[in-house]
Every structure is written in structure tokens, then in C-alpha cells.
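A short write-up of the structure that comes next.
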2 protein chains.
Amino acid sequence: MPAAPACSLGLDLGTGSARALIVETSTGREAGSAVAPFERGEGGVIGDPRDPLVARQHPADWIEALERSVKGALEAARGSDGVFQPGRIAGIGIDATASTPLAVDSRCVPLALAEPFAGDPAALAWLWKDHTAHLEAGEITRAAERERPELLAKCGGAYSSEWYFAKLLRCLRSSPRVLEAADGWLEEGDYLAGLLCGAASPRDVARGACAAGHKALHNADWGGWPSLDLLARVDPALARWCRGRLGERVLPSDRPAGRLSREWGARLGLPTGIPVACAMIDAHAGAVGAGIRPGVLVKILGTSACDMLVHPASEPLADIPGICGVARDSIVPGCLGLEAGQSAVGDIFAWFARGFGGAPQEALAEEAARLRPGASGLVALDWHNGNRSVLQDPRLAGLVLGETLATRPAELYRALVEATAFGARVIMERFEEHRVPVCEVVACGGIAAKNPFLLQLYADVTGRAIEVSRSQETCALGAAIFGAVAGGAHRTVEEAQRAMTCVSGAAYVPRPASKAVYDEIYGLYRALHDAFGLPGHPAGLHGALKRLIAIRERERARG
Amino acid sequence: MPAAPACSLGLDLGTGSARALIVETSTGREAGSAVAPFERGEGGVIGDPRDPLVARQHPADWIEALERSVKGALEAARGSDGVFQPGRIAGIGIDATASTPLAVDSRCVPLALAEPFAGDPAALAWLWKDHTAHLEAGEITRAAERERPELLAKCGGAYSSEWYFAKLLRCLRSSPRVLEAADGWLEEGDYLAGLLCGAASPRDVARGACAAGHKALHNADWGGWPSLDLLARVDPALARWCRGRLGERVLPSDRPAGRLSREWGARLGLPTGIPVACAMIDAHAGAVGAGIRPGVLVKILGTSACDMLVHPASEPLADIPGICGVARDSIVPGCLGLEAGQSAVGDIFAWFARGFGGAPQEALAEEAARLRPGASGLVALDWHNGNRSVLQDPRLAGLVLGETLATRPAELYRALVEATAFGARVIMERFEEHRVPVCEVVACGGIAAKNPFLLQLYADVTGRAIEVSRSQETCALGAAIFGAVAGGAHRTVEEAQRAMTCVSGAAYVPRPASKAVYDEIYGLYRALHDAFGLPGHPAGLHGALKRLIAIRERERARG
């Protein structure tokens with residue numbers, strides 16, 4: 001009987017479920033996987049009917065789903081061949097949504113699990129898409145603009161309501177009793193890595209450089225965490241709470257956060273002592289699982305889009321205006337991780353199909369695929385959920401130009417797909433204008449797997465070959481890659497990527513005739529983009545759009 | 001037994017049917033009416049599957065439907081009370097679509113009814129919405145720009161492919177054998193008035209000043225018909241054909257074209273010799289039936305909108321840029337008739353409800369009516385079928401700004417209704433900028449009768465009281481008014497209007513709170529209108545829209 005191949009276990013904690021994936025470290029073969037949905041709230045998201053900005057999550061959901069998914073993956077791996085042995089798991093990697101921070105007590109137990117705080121939403125995890133901290137985000141932005149503009153430049157010029165300190169400050173103000181009882185404010189992934197390793201207190205928990213850099217202004221070149229001085233300028237109470245509690249070990253994800261504890265080894269049916277890699281953000285793990293390397297943009301295409309690039313840390317890189325995030329070691333250790341994105345992609349198509357298309361999205365896409373570029377006479381702006389890059393303005397809105405009485409739903413559907421492709425091209429050009437080459441694109445995520453029409457259209461519009469990651473689970477695969485490196489099965493992330501990732505089938509290559517038409521229409525998209533998107537544009541239409549939105553808000557408040 | 005009241009018979013020849021209406025001249029009471037649909041083609045419109053620009057009509061449809069509708073109206077009048085007597089019909093008025101010209105032979109018989117031309121589409125009537133003559137229209141525009149720009153200024157600066165000489169020239173070129181055999185090119189209404197009066201030749205047929213002025217460059221102040229010199233500059237063949245054939249008697253519609261012939265009296269069951277008023281354009285008759293007078297804009301709201309005003313001919317009036325038509329005696333004799341319009345109104349709502357709204361239009365309107373002005377954050381441009389006034393460009397297209405992932409169909413439906421209201425306001429303001437007051441509005445047409453939501457919204461947007469014509473058949477009523485004057489039952493059109501027209505119920509009055517919000521949004525509409533509609537606008541977006549449409553045409557031609 002041959003020796004069982006070495007494996008790695010990747011854990012991917014998404015918005016609605018946990019996934020566990022066991023991968024052979026020498027080939028990337030997926031030996032087994034399982035997914036376990038969260039069971040509280042609406043698919044794991046706990047809202048508040050009185051406030052649409054609230055989105056919380058219960059840590060018990062994470063813990064239960066993590067255990068179920070790992071057991072399921074082990075069972076699947078055992079069933080898929082005769083050779084798998086849990087003892088051959090070299091390392092465990094973990095990714096999770098971010099910024100999804102959680103108050104824990106001095107023994108690293110979530111307050112949500114303690115009786116006095118049961119039912120207190122502030123003691124739950126503050127899910128990435130919770131926007132209750134928008135006022136606090138503005139305060140942090142203004143303080144950082146005055147004190148440390150260079151930090152702000154790395155996160156696109158504005159601190160987001162989705163991020164770590166904004167949520168912490170909001171919790172301090174709105175639910176002070178939670179933070180009075182707490183001794184740590186941990187990102188979901190860091191908390192879970194600490195849990196698996198049996199961390200005795202929040203001070204023992206390693207903090208992933210990825211979330212620290214992208215969500216919490218951590219910057220190794222400029223002294224690590226933002227200074228207490230800066231935090232005190234926002235609110236002295238914020239600085240007081242953070243003193244000594246931000247974490248001393250901030251590590252890239254190829255480094256172990258610790259080793260699997262006896263308790264969790266027994267719970268999961270795994271040997272004690274397996275190295276557990278430091279956690280990272282789910283999308284960034286996905287980029288690694290999709291094979292990101294310099295020159296290759298990984299685009300996670302789902303309800304929204306996340307665009308990631310890496311740039312060797314040894315090469316100088318000026319700030320790129322309008323790009324949301326730049327952080328060292330955040331994607332591939334030794335590289336700068338660059339993150340941009342589109343606020344809505346699949347969300348726009350689903351919204352249109354559901355409300356306006358009169359047909360299932362598949363039927364619209366099938367008809368749209370048969371249309372000729374340019375023949376509908378339509379061009380749209382894809383700002384239905386704002387613009388994350390390069391305008392960085394969540395309060396914009398969409399535009400459609402060119403409708404006639406002959407316009408059909410499939411034409412408008414295609415125009416919306418094209419709009420997102422033009423939006424993608426704007427981001428790529430912004431990177432290239434600042435000497436970060438975008439030679440090809442690897443797509444992953446839900447849309448990439450099942451929408452060849454969209455991928456060919458993106459290739460034609462962007463003029464770049466688009467490949468699709470072989471794995472349908474690039475986030476979990478990325479986590480497994482970090483597990484493999486942390487566990488010593490590979491020396492570097494790059495080496496692990498070469499062994500464990502690949503793209504599926506042929507690339508989508510730009511078709512010259514389509515590209516030529518789209519180059520023309522892209523010029524029109526840019527004209528609209530600039531006229532409606534740039535505050536200083538002479539057309540004055542940015543002001544008109546802003547006024548329209550201000551009227552909307554005022555009239556809704558009146559109604 | 002009291003004497004039967006004096007009556008008038010109005011004949012309204014629309015695009016799909018003929019309607020006859022018998023009205024008491026002293027009260028406007030409708031004694032009887034009947035409608036007879038056309039039976040050839042698609043609801044009377046004979047197209048060509050190979051060419052969407054073709055729209056023809058068979059004169060036999062007119063004749064048959066005219067006879068059926070008059071007999072039906074007489075029967076209805078006899079049935080409705082015991083006192084009606086056909087002998088009390090003082091006059092007959094007639095309106096018809098225009099420009100809908102028809103080739104007739106020297107005995108005034110349509111070639112379409114003669115064996116050698118049966119089945120020849122060129123021998124049919126060229127319906128108003130036939131656009132096959134678009135190249136010829138351009139030639140006429142360019143020649144008139146050079147030779148007689150003052151004539152062109154009265155029809156909005158461009159000669160339309162829908163009009164008399166463009167169609168004649170197109171017919172001369174594409175089907176010369178038809179015009180070789182013809183001795184007249186008669187507007188539908190003029191032909192039918194001649195038919196009823198037993199005209200022996202086209203030379204005997206009186207030409208209505210209304211269609212002559214609005215569609216055929218006739219201008220009494222500047223020598224009547226356009227000179228043969230001008231027509232020869234377009235094409236010598238056009239001038240040769242027109243010599244002696246344009247008609248010597250061009251009359252306002254309060255003057256008789258002749259008297260009912262023995263043959264047609266017998267056919268219809270009416271006394272011989274009843275005065276038949278000179279024909280007029282259907283929409284203009286509708287304006288009279290709706291009670292048009294100086295300061296009152298009549299808006300016919302249907303698939304598109306036609307806006308009409310009258311201005312005392314004794315008061316000076318400068319040319320109004322962007323207003324489609326100005327002609328003397330064309331609506332109310334003794335006044336200048338002013339015509340503007342919106343290329344699509346009901347067509348936009350129907351297009352949206354059918355393709356995008358996911359619900360019947362009534363349901364969308366009902367939900368839309370409950371929304372607050374401004375609360376959707378949407379503003380649209382109503383150019384889905386081009387812009388007839390004030391931009392006068394049929395090759396524009398629509399725009400929607402402000403869509404978000406929360407936008408619902410009823411919100412977009414309302415935004416499109418608002419867009420047409422803003423478009424209506426642009427026209428009103430253009431009139432007033434040139435000292436033609438628009439104090440109130442009388443709405444008629446299909447939408448006015450059944451859409452109180454839209455009328456209230458139009459009042460709020462335009463800031464003017466909107467009334468609705470009592471008669472559902474303002475065109476036929478207008479024709480009957482002219483019949484009454486031509487037949488001597490009233491001395492003037494104004495007198496007949498006072499006796500025979502009125503509005504129904506209360507006016508829709510602007511609500512200050514809504515008006516204030518709409519004043520703001522109208523400013524945004526104007527910003528978009530100017531940016532996308534004016535060639536010289538610094539935003540440069542007019543060029544972008546034009547380029548988009550040019551790409552569309554090119555790619556459709558390739559496909």
C-alpha cells in the first residue's frame with residue numbers, strides 16, 4: 001500500500017456558510033470537501049428590521065459550521081479513495097470575511113456566548129456589510145486626513161464604515177457595556193485561528209496582516225498599528241480602549257498562528273499539533289487559490305467584484321488614486337497586495353432580471369449573447385450600488401443612455417453586462433497608468449463558473465485574455481495553500497501555487513472585431529463616467545446626479 | 001311636436017377608423033355617433049415586410065368606413081330621442097390624418113381603385129407615418145434653406161419625410177408610372193370632401209389651409225404655394241408635375257368646400273346640398289373641439305402628444321425656434337395656428353409596461369401614483385422616439401439616470417411619466433419665451449380620458465391648471481363645429497366653440513409642495529436635456545449620443 005499523499009486543509013468562512021477543503025499539496029487534487037451553512041438569522045446574517053444598516057453574525061454559527069464542514073470533508077476524503085489519512089494533513093489554513101470583528105473576553109471567549117450578553121446585537125460579530133458605523137467612519141477619515149494622510153492613501157483616501165476601527169468606535173458609543181466587559185476586538189479569521197490553537201487570551205492571538213493592513217490601517221513600514229495619538233484624535237475613548245489590545249503579533253498568512261490544540265484535534269478528528277496558518281481575508285485567499293502573480297489580475301465575480309493584483313514589494317510603487325487598498329504581505333507574502341473592486345456586478349443583473357427583464361436571467365443571457373456589439377445603441381453606467389474604484393463614491397447611481405421604443409429586455413441586459421465590463425476596464429487602466437501591468441485576468445467566483453457569454457464579453461471589452469480558475473472553491477484552496485506553506489509542505493506560496501492551482505480549459509481571447517466596436521463604445525462610457533463621476537468636470541452633471549440623490553434622500557425622509 | 005334642433009355632422013378619419021358624430025349646434029349635445037374600423041392591412045395600415053418605413057392606406061377603406069359610420073351615427077341619433085331629423089343637419093365638417101396624400105386621376109378617382117394600379121403600393125394613400133421619403137425630405141430642406149429659409153422657419157427649420165412634397169417626389173422617382181397616370185396628389189381630407197361634393201376633377205377640389213400650411217409650405221402672406229422655381233431647385237421633375245396641379249382654392253375650414261352631392265346624399269341618407277366644410281388635419285380639429293383659444297394650449301395626449309396654440313393673426317409673432325409648425329387659419333380662422341409636439345408619450349409607457357414593467361400598465365400607474373415626487377431619485381429623458389419640439393431631432397434616444405439596486409418598476413414607470421411632463425414643460429416655456437402665453441391647458445386624447453394620475457402630475461410639473469375636454473371625441477366635434485359654421489348655424493368658430501364645447505369636471509391644479517420638488521428636478525432635466533440635446537453644449541455629450549446612434553446604425557447594417 002503506497003503512502004497516503006500529503007494534504008492540506010483549507011477553511012473558508014463566507015457570509016453564509018463554512019467550507020472545508022482537503023487538497024493534496026503536490027498536485028492540488030481536491031480529496032474531499034464539505035460545506036455547512038450558518039443557521040441563525042437569514043442565512044447567517046442577523047439584521048434589525050428597524051435599521052437596514054445592521055448586519056451581525058453569531059460566532060456559534062461559525063464554530064458549529066466549522067466543525068460540521070471539517071468532519072464532512074474528512075468523510076468525503078475517506079470515501080473518495082482508499083489512501084487518505086488525516087495524519088497526512090500537513091497544515092491548516094483559514095480565511096474569513098473581513099472586517100467582521102467580534103468582542104471577546106480575557107479568555108478569548110466571545111461575549112455573545114456569555115449569558116449576560118445573550119441577545120445583545122452589539123456582542124455579536126459585526127459582519128463586513130454592517131454599515132451602522134458610517135458616521136464614525138467619516139470621523140476617522142477626517143482625523144486621518146489631518147494627521148496621517150499617507151495611511152489613508154493606502155486605503156483609497158477614505159476609511160470605510162465596513163472597517164475595524166469604525167465598528168469598534170460605534171460599539172464603544174452605542175453599547176459601551178459590551179466593550180467594558182471585553183478584552184479583545186478580533187477579526188473573525190483571527191478569532192477562529194486562535195480558537196483552533198487554544199489561545200488563552202486575546203493577547204495570544206496572532207493577527208493576520210491581510211485584514212490588519214486592508215481594514216485597520218496597519219502598516220509595517222510606518223510603525224505597525226496606527227498610533228494611539230491618531231486614535232485619540234478621533235476619540236480619546238477609542239485610544240484608551242485600544243491600548244495594549246490591538247495585538248503584538250501581526251503575521252502574513254504563510255506563518256503559523258499556532259498549532260491545533262488537543263481539544264480541537266479531538267473535536268475534529270485530527271492529530272493534535274498540526275500548524276494553523278495565520279488567517280486572511282476570504283477574497284485574498286481566493287486570489288491565491290486562483291493563481292495570482294505579478295501581471296495577473298484575479299477577479300472574483302459574484303454579486304459584486306473584487307479585483308486583486310500583487311506587486312513585488314522590492315519595486316517602488318506610488319499611490320494609485322481611486323484604488324481601494326494597498327497592503328504589504330496581504331495576498332502573497334513579500335508582495336504588496338492591491339485591491340480594487342466593483343460595488344455591484346451580479347447584483348445588477350439579478351436586479352434587472354427580477355424586476356425588469358420579464359424572463360429568467362439564463363434566458364436573457366442566452367438572447368443577449370446572440371446580439372452584436374453596438375447594435376442596441378445602448379450604453380450604461382454600472383453605479384447601481386455606487387462606485388468602489390476608481391471614483392470611490394458609494395453614493396452614485398446608474399445611468400442608461402440610448403433607449404428607444406424598439407429596445408428589448410435582452411438588449412438592456414447586455415448593456416448592463418457591458419457596463420460592468422467597461423467598469424472593469426477603467427480599473428485595469430488605472431492600474432496600468434501607475435505602472436502595475438495587467439497582462440491577463442483569471443476569473444473566479446459564481447459568475448465565472450457559469451457564464452461564458454460574460455467572460456467572452458469581458459475579454460472583448462478589456463482586450464485581455466480571461467482564464468477561469470479550475471477550482472470552484474478558490475478561497476478554500478487559497479486557505480489550503482497557506483496551510484501547506486505554514487505546515488512546511490512547500491517553502492513559499494509561489495511554489496505551492498505552481499503545484500496546487502491551475503486554470504481550466506482554454507482562455508477567452510479578445511475577438512478583434514468585437515474589441516474594435518467596444519473600444520469605440522468604451523470612449524462613450526468614459527465620457528459619461530467622467531461627466532457624471534468627476535466633481536470638477538465642466539459638464540456639471542456630477543452635481544446634477546448628486547443633487548438628484550440629495551433630493552431622493554430628503555423626500556424619503558419626509559415620506 | 002317641437003322642431004328638431006339644428007345639428008352638424010363631424011367626420012373624423014383617423015389612422016385606423018372613421019368616426020361620425022352628430023352634434024346639436026346650440027348645445028354641443030352629442031345626438032349620435034358611430035365608428036367604423038378600416039379593414040385592410042393591419043388595422044388599416046398597409047406595410048411592407050421588407051421595409052419598415054412603408055405605411056400606406058387604401059382609399060376604399062376610407063369610403064366604406066365613412067359610409068358605415070355616417071349610417072351608424074344617423075341610426076344612433078334616431079334611436080336616442082324622438083326628435084332627430086336628418087333634414088336638420090346644417091353642415092358637414094371633415095378632418096383626416098395628414099399628410100396622407102393620394103394620387104387621383106383627372107376625374108378625381110384614386111388610381112388605387114383603377115385596375116392597372118391594383119396592388120401597386122405607390123397608388124395607395126401614403127399614410128402620415130410613412131417615412132420612405134426621408135432622403136427627399138432632406139433635399140427639400142436643403143433647397144429651401146438656400147432659397148426660402150423664411151418658409152422653412154414656419155415649419156420648424158426642416159421639411160419632414162412625413163409631408164406632402166417629400167412623398168410626391170419619392171413617388172415620382174420610385175413609381176413614375178403612377179404619377180404619369182395621375183392628375184392630382186390630394187390630401188386625404190381634401191379628397192374626401194371632394195368626393196362628398198362630387199368634384200369632377202382634382203382642379204375642382206378645395207384644399208384645406210390647415211394641411212396646406214402645415215405640410216406643404218403654403219403661405220398666403222408669401223404668395224400661396226411654394227414657387228415652381230423653388231420646387232425646380234429640388235428637382236425639375238417635381239416642378240413639372242406640380243404645374244397647375246396644386247389647387248387654386250386654398251380655404252380655411254370654416255368655408256364650404258362645396259355641397260353634398262346627389263349621389264352621396266342618397267348613399268348616406270341625407271338631403272342633397274348640405275354645405276361641406278373644407279377639410280382640416282385631425283389634431284387641429286381636435287384642438288377646436290377641445291375649446292382652443294388664445295392662452296389655452298390644447299394637448300392631445302395619446303401614443304405621442306400634439307400641442308396646439310392659436311395666436312391672433314393681427315398681433316406680430318416672431319419665429320419660435322424649435323416649434324414644428326406655424327400656419328395662418330390652420331386651427332381657428334383669423335389666427336395663426338401653432339403646433340408643437342412630443343414624439344412619444346403613451347408609446348413610452350406602453351413600451352415600458354410591455355417589456356420591462358412586469359405588470360399591466362394600470363397596476364404600474366396605480367403604484368406609481370402613490371410615490372412621492374423626487375423620492376425615487378430618478379430622472380429620465382423622454383426621447384425614446386426622438387424629439388419633435390424643441391430640439392427637432394428624430395434621431396435621439398432616451399436616458400435614465402439614478403437607478404439603484406432598490407429601484408422598482410413602478411418608480412421607473414413614474415420617472416418616464418415625469419419625463420414626458422418635463423418635455424411638455426420645455427415646450428410651454430419655449431412658447432412663453434417668445435411671448436405666446438400658455439395660461440392653462442386642456443387635455444384630450446386617449447390618455448387624458450383615463451389617467452388622472454398623469455394629469456395631476458402634469459399640472460404639478462408644468463405649474464399650470466389642466467382641464468379635460470368633456471367630449472371624448474374632440475376631433476369629430478371639431479369637424480362638426482366647422483360643419484356648423486360652414487352651414488351657417490354659427491357665424492364664427494369662436495361662437496360655435498362657446499356653444500358646443502366645454503371641459504368636464506374640475507381642473508387639475510398644481511399642488512405647491514409637489515411643484516416645488518418638480519421645479520428642482522426640472523432643473524436637472526434641463527441640464528440633461530441641454531447636455532445631450534444641444535450640439536454646441538460644452539459637455540460634449542450630444543456628440544456622444546450621436547456617436548452611439550451612428551454605431552448602432554452601422555452595426556445593424558452589418559448584422
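Note on naming: chains are A, B, ... as they come in the C-alpha cells, residues start from 1 per chain, ligands start from 1 in the order shown.
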
Please report as a Markdown table every residue of chain B lying within 8 Å of chain A, along with the nearest atom pair and their distance in Å (one decimal), using only C-alpha atoms.
| residue | atom | partner | partner_atom | distance |
| --- | --- | --- | --- | --- |
| B:Asp347 | CA | A:Leu405 | CA | 7.3 |
| B:Ile348 | CA | A:Leu405 | CA | 6.5 |
| B:Trp351 | CA | A:Leu405 | CA | 6.1 |
| B:Gly355 | CA | A:Pro409 | CA | 6.4 |
| B:Phe356 | CA | A:Phe356 | CA | 4.3 |
| B:Gly357 | CA | A:Phe356 | CA | 5.7 |
| B:Gly358 | CA | A:Gly358 | CA | 6.0 |
| B:Arg372 | CA | A:Glu555 | CA | 7.2 |
| B:Pro373 | CA | A:Glu555 | CA | 7.5 |
| B:Gly374 | CA | A:Arg552 | CA | 5.4 |
| B:Ala375 | CA | A:Arg552 | CA | 4.4 |
| B:Ser376 | CA | A:Arg552 | CA | 6.0 |
| B:Gly377 | CA | A:Arg552 | CA | 4.6 |
| B:Leu378 | CA | A:Leu548 | CA | 7.2 |
| B:Val379 | CA | A:Leu548 | CA | 7.9 |
| B:Trp383 | CA | A:Thr404 | CA | 7.4 |
| B:His384 | CA | A:Thr404 | CA | 4.0 |
| B:Asn385 | CA | A:Thr404 | CA | 5.9 |
| B:Leu396 | CA | A:Gly402 | CA | 7.7 |
| B:Ala397 | CA | A:Gly402 | CA | 4.7 |
| B:Gly398 | CA | A:Glu403 | CA | 4.7 |
| B:Leu399 | CA | A:Leu401 | CA | 4.4 |
| B:Val400 | CA | A:Val400 | CA | 5.2 |
| B:Leu401 | CA | A:Leu399 | CA | 4.3 |
| B:Gly402 | CA | A:Ala397 | CA | 4.7 |
| B:Glu403 | CA | A:Gly398 | CA | 4.7 |
| B:Thr404 | CA | A:His384 | CA | 4.0 |
| B:Leu405 | CA | A:His384 | CA | 5.5 |
| B:Arg408 | CA | A:Gly355 | CA | 6.6 |
| B:Pro409 | CA | A:Gly355 | CA | 6.4 |
| B:Ile521 | CA | A:Leu548 | CA | 7.2 |
| B:Leu524 | CA | A:Ala544 | CA | 5.8 |
| B:Ala527 | CA | A:Leu541 | CA | 7.4 |
| B:Leu528 | CA | A:Leu541 | CA | 7.6 |
| B:Ala531 | CA | A:Ala539 | CA | 7.4 |
| B:Pro538 | CA | A:Ala539 | CA | 6.6 |
| B:Ala539 | CA | A:Ala539 | CA | 4.2 |
| B:Gly540 | CA | A:Ala539 | CA | 7.8 |
| B:Leu541 | CA | A:Ala527 | CA | 7.4 |
| B:Ala544 | CA | A:Leu524 | CA | 5.8 |
| B:Leu545 | CA | A:Gly402 | CA | 7.2 |
| B:Leu548 | CA | A:Gly377 | CA | 5.6 |
| B:Ile549 | CA | A:Gly377 | CA | 5.5 |
| B:Ile551 | CA | A:Gly374 | CA | 6.0 |
| B:Arg552 | CA | A:Ala375 | CA | 4.4 |
| B:Glu553 | CA | A:Ala375 | CA | 7.0 |
| B:Arg554 | CA | A:Ala375 | CA | 7.7 |
| B:Glu555 | CA | A:Ala375 | CA | 5.0 |
| B:Arg556 | CA | A:Ala375 | CA | 5.3 |
| B:Gly559 | CA | A:Arg372 | CA | 7.2 |

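Superposing chain A on chain B by least squares over every C-alpha atom, paired in order, leaves an RMSD of 0.1 Å.
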
Task: Residues flagged alpha helix (DSSP H) by DSSP in range 107-343 of chain B, as a ChimeraX atom specification - done: /B:134-147,149-153,164-174,176-180,188-197,209-215,228-234,236-242,262-268,282-289

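Near range 418-430 of chain B, within 7 Å and counting only C-alpha atoms, sit B:Val345, B:Val379, B:Ala380, B:Leu381, B:Asp382, B:Ser389, B:Val390, B:Arg414, B:Ala415, B:Glu433, B:His434, B:Val438, B:Tyr458, B:Val461, B:Thr462, B:Tyr522; same-chain residues fewer than 3 positions away were not included.
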
Task: strand (DSSP E) per DSSP on the backbone: members of range 146-275 of chain B, as a list in words - done: Gly184, Trp185, Leu186, Glu187, Arg207, Gly208, Val250, Leu251, Pro256, Ala257, Gly258, Arg259 and Pro275 of chain B

Open item on the list: Env of Ala103 in chain A: 6 Å cut, atoms = only C-alpha atoms, seq-sep filter 4 positions within chain, self excluded. Answer as a ChimeraX atom specification.
Closed with: /A:110,182,184-185

Open item on the list: So that I can check the surroundings of Glu473 in chain A, please list as a ChimeraX atom specification every protein, DNA and RNA residue that reaches within 12 Å of it, counting only C-alpha atoms and ignoring chain neighbours fewer than 2 positions away.
Closed with: /A:10-14,18-23,28,30,32-35,282-283,285-290,300,444-446,448-449,468-471,475-480,501

Open item on the list: Report as a ChimeraX atom specification all protein, DNA and RNA residues lying within 12 Å of range 174-180 of chain A, evaluated on only C-alpha atoms, omitting residues in the same chain fewer than 4 positions from it.
Closed with: /A:102-106,110-112,114,116-125,132-133,136,167-170,184-185,237-238,240-242,245

Open item on the list: Please list as a PyMOL selection string every residue within 9 Å of Leu228 in chain B, counting only C-alpha atoms and excluding residues in the same chain fewer than 2 positions away.
Closed with: chain B and resi 225-226+230-233+236+238-240+242-243

Same residues, N, CA and C atoms, saved as a compact mmCIF listing (two decimals), in the first residue's frame:
# COMPACT_ATOMS: atom_id res chain seq x y z
N TRP B 225 -48.78 78.81 -52.62
CA TRP B 225 -47.93 77.62 -52.74
C TRP B 225 -46.47 78.01 -52.96
N PRO B 226 -45.55 77.16 -52.60
CA PRO B 226 -44.15 77.46 -52.92
C PRO B 226 -43.99 77.56 -54.43
N LEU B 230 -38.74 77.21 -56.74
CA LEU B 230 -38.20 76.50 -55.57
C LEU B 230 -38.30 75.00 -55.78
N LEU B 231 -39.46 74.54 -56.25
CA LEU B 231 -39.62 73.09 -56.45
C LEU B 231 -38.64 72.59 -57.51
N ALA B 232 -38.36 73.43 -58.52
CA ALA B 232 -37.41 73.02 -59.58
C ALA B 232 -36.00 72.92 -59.02
N ARG B 233 -35.70 73.73 -58.00
CA ARG B 233 -34.37 73.63 -57.38
C ARG B 233 -34.20 72.28 -56.68
N PRO B 236 -36.32 69.32 -61.08
CA PRO B 236 -37.17 69.89 -62.15
C PRO B 236 -38.41 69.05 -62.40
N LEU B 238 -40.19 67.57 -60.28
CA LEU B 238 -41.20 67.91 -59.27
C LEU B 238 -41.97 69.15 -59.70
N ALA B 239 -41.24 70.15 -60.15
CA ALA B 239 -41.90 71.38 -60.58
C ALA B 239 -42.80 71.11 -61.79
N ARG B 240 -42.31 70.30 -62.73
CA ARG B 240 -43.12 69.99 -63.93
C ARG B 240 -44.44 69.33 -63.53
N CYS B 242 -46.01 69.47 -60.69
CA CYS B 242 -46.89 70.29 -59.85
C CYS B 242 -47.59 71.41 -60.62
N ARG B 243 -47.01 71.79 -61.78
CA ARG B 243 -47.57 72.94 -62.51
C ARG B 243 -49.09 72.75 -62.73

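CA of Leu113 in chain A is found 27.0 Å from CA of Pro271 in chain A.
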
Task: From B:Val234, B:Met280, B:Ile320, B:Ala181, residue lying nearest Arg207 in chain B [only C-alpha atoms] - done: B:Met280
